[in-house]
Amino acid sequence: LWLVYLVLPTRNHYWDGIGFALNIEGVAQDHNGLALGTQAEGSHSIYFNPNHLLHNLFGYLIYSPIRAVWPAARALDVLVAVNSFLGALTAWLLFRILNRWSGDAPLSGLVTLLLGFSATWWKFSTDANAYVPSVCLLVWCTWMLTDTSRRPKVFAVGVVHAVAILIHQIAVLFYPAVVLAIWLHPAAANR
């Protein structure tokens, strides 16, 4: 799925993904946190977009070593490749969750392919946005919470959920689901 996303990426990017890429490249060029003249003079808030606190920082940490090896690399292309990988990883985690619940690998595979090749998931997975990394982490939380064979590691789930929130603030809405999943988990009866 990842290779298909890389071969057939979107060419109509959302403005926020373009903004993330320009900000990351601005830091890489002048090292003072200014983004190619698009932010107010004297502003050093490149890494800390109020709605995506860690997204630009993670993007910069991935982009920097790639740019050092390949100076012609563009941040937009790097972010698209990372999102494509995380979109495919999310689909794989979904397959694992569905297969765990249903025990039916072909059906789980079909549902996973429906998600992976749906227009909306394809668009987000081949763009440079903050949604896919955050959703990938939320699906990872779900993976950890739905293992009925053992008690969920609450601290690990909390850390992964917190990082998802720091990548995109809307992940905070997953909190009630996490609390309910922990409370209703079969291992909770053994306490």
# chains A, B, ... in the order shown; residues from 1 in each chain; ligands from 1
>>> residues_around(residues="Ser84 (chain A)", least_positions_apart="6", cutoff="9 Å", atoms="only C-alpha atoms", output="MDAnalysis selection string")
chainID A and resid 1:6 9 122 124:127 132
>>> select_by_dssp(residues="chain A", states="helix (DSSP H, G or I)", output="PyMOL selection string")
chain A and resi 2-7+15-30+55-69+75-102+105-116+119-125+131-145+154-167+169-184+186-190
>>> residues_around(residues="Leu61 (chain A)", least_positions_apart="4", cutoff="12 Å", atoms="only C-alpha atoms", output="short mmCIF file (atom, residue, chain, number, x, y, z; two decimals) with N, CA, C and O atoms, in the first residue's frame")
data_model
loop_
_atom_site.label_atom_id
_atom_site.label_comp_id
_atom_site.auth_asym_id
_atom_site.auth_seq_id
_atom_site.Cartn_x
_atom_site.Cartn_y
_atom_site.Cartn_z
N ILE A 24 9.19 24.28 7.60
CA ILE A 24 10.32 23.37 7.83
C ILE A 24 11.51 23.76 6.97
O ILE A 24 12.65 23.81 7.44
N GLU A 25 11.26 24.10 5.72
CA GLU A 25 12.35 24.53 4.85
C GLU A 25 12.91 25.87 5.29
O GLU A 25 14.12 26.12 5.18
N VAL A 27 13.23 26.95 8.37
CA VAL A 27 14.14 26.67 9.48
C VAL A 27 15.42 26.08 8.95
O VAL A 27 16.52 26.43 9.38
N ALA A 28 15.32 25.18 7.99
CA ALA A 28 16.51 24.54 7.44
C ALA A 28 17.40 25.56 6.71
O ALA A 28 18.61 25.41 6.68
N TYR A 47 8.32 25.87 15.33
CA TYR A 47 8.10 24.51 15.79
C TYR A 47 6.79 24.36 16.53
O TYR A 47 6.32 23.27 16.73
N LEU A 54 3.80 19.46 17.86
CA LEU A 54 4.99 18.68 17.54
C LEU A 54 5.14 18.35 16.06
O LEU A 54 6.18 17.83 15.67
N HIS A 55 4.15 18.62 15.26
CA HIS A 55 4.20 18.20 13.86
C HIS A 55 5.38 18.81 13.12
O HIS A 55 6.14 18.11 12.44
N ASN A 56 5.55 20.12 13.21
CA ASN A 56 6.66 20.76 12.50
C ASN A 56 8.01 20.31 13.04
O ASN A 56 8.96 20.14 12.29
N LEU A 57 8.10 20.12 14.34
CA LEU A 57 9.35 19.66 14.93
C LEU A 57 9.72 18.27 14.41
O LEU A 57 10.84 18.04 13.97
N PRO A 65 18.14 15.41 8.25
CA PRO A 65 19.16 14.46 7.78
C PRO A 65 18.99 14.09 6.30
O PRO A 65 19.99 13.85 5.62
N ILE A 66 17.76 14.07 5.83
CA ILE A 66 17.54 13.77 4.41
C ILE A 66 18.11 14.89 3.55
O ILE A 66 18.77 14.64 2.54
N ARG A 67 17.89 16.14 3.97
CA ARG A 67 18.42 17.29 3.23
C ARG A 67 19.94 17.31 3.27
O ARG A 67 20.59 17.74 2.31
N ALA A 68 20.53 16.86 4.38
CA ALA A 68 22.00 16.82 4.47
C ALA A 68 22.58 15.85 3.44
O ALA A 68 23.64 16.11 2.88
N ALA A 75 10.85 19.61 1.53
CA ALA A 75 10.15 19.19 2.74
C ALA A 75 8.78 18.62 2.40
O ALA A 75 8.32 17.66 3.04
N VAL A 78 9.18 15.01 1.47
CA VAL A 78 9.51 14.21 2.65
C VAL A 78 8.26 13.99 3.50
O VAL A 78 7.99 12.87 3.94
N LEU A 79 7.50 15.04 3.73
CA LEU A 79 6.27 14.91 4.53
C LEU A 79 5.26 13.98 3.86
O LEU A 79 4.58 13.20 4.52
N VAL A 82 6.49 10.41 4.39
CA VAL A 82 6.24 9.99 5.78
C VAL A 82 4.76 9.70 5.97
O VAL A 82 4.38 8.68 6.57
#
>>> residues_around(residues="Trp92 (chain A)", least_positions_apart="5", cutoff="12 Å", atoms="only C-alpha atoms", output="PDB file with C-alpha atoms, in the first residue's frame")
ATOM      1  CA  LEU A   1       0.000   0.000   0.000  1.00  0.00           C
ATOM      2  CA  TRP A   2       2.856   2.377   0.851  1.00  0.00           C
ATOM      3  CA  PHE A  85       4.203   5.288   5.192  1.00  0.00           C
ATOM      4  CA  LEU A  86       2.089   6.167   8.236  1.00  0.00           C
ATOM      5  CA  GLY A  87      -1.117   5.784   6.196  1.00  0.00           C
ATOM      6  CA  ILE A  97      -7.352  -5.039  15.094  1.00  0.00           C
ATOM      7  CA  LEU A  98     -10.120  -6.289  12.810  1.00  0.00           C
ATOM      8  CA  ASN A  99      -8.539  -9.724  12.496  1.00  0.00           C
ATOM      9  CA  SER A 108     -10.408  -8.029   7.715  1.00  0.00           C
ATOM     10  CA  GLY A 109      -8.225  -7.666   4.627  1.00  0.00           C
ATOM     11  CA  LEU A 110     -11.168  -6.550   2.513  1.00  0.00           C
ATOM     12  CA  VAL A 111     -12.235  -3.904   5.042  1.00  0.00           C
ATOM     13  CA  THR A 112      -8.623  -2.730   5.330  1.00  0.00           C
ATOM     14  CA  LEU A 113      -8.327  -2.422   1.554  1.00  0.00           C
ATOM     15  CA  LEU A 115     -10.067   2.006   3.914  1.00  0.00           C
ATOM     16  CA  GLY A 116      -6.641   2.054   2.256  1.00  0.00           C
ATOM     17  CA  CYS A 136      -1.885   6.434  13.214  1.00  0.00           C
ATOM     18  CA  VAL A 139      -5.100   3.471  15.962  1.00  0.00           C
ATOM     19  CA  TRP A 140      -1.976   2.263  17.774  1.00  0.00           C
ATOM     20  CA  TRP A 143      -4.410  -1.755  19.097  1.00  0.00           C
TER      21      TRP A 143
END
>>> atom_distance(atom1="CA of His161 (chain A)", atom2="CA of Asn51 (chain A)")
15.3 Å
>>> residues_around(residues="region 164-171 of chain A", least_positions_apart="2", cutoff="7 Å", atoms="only C-alpha atoms", output="PyMOL selection string")
chain A and resi 51-55+130-131+134+137-138+160-162+173-174
>>> closest_residue(among="A:Ile62, A:Ala119, A:Leu180, A:Ala128", to="Asp77 (chain A)", atoms="only C-alpha atoms")
A:Ala128
>>> atom_distance(atom1="CA of Ser149 (chain A)", atom2="CA of Leu184 (chain A)")
13.6 Å
>>> closest_residue(among="A:Ala187, A:Ala21, A:Phe155, A:Trp15", to="Ala73 (chain A)", atoms="only C-alpha atoms")
A:Ala21
>>> closest_residue(among="A:Pro106, A:Pro50, A:Pro152, A:Gly26", to="Arg74 (chain A)", atoms="only C-alpha atoms")
A:Gly26
>>> atom_distance(atom1="CA of Val7 (chain A)", atom2="CA of Ser118 (chain A)")
16.1 Å
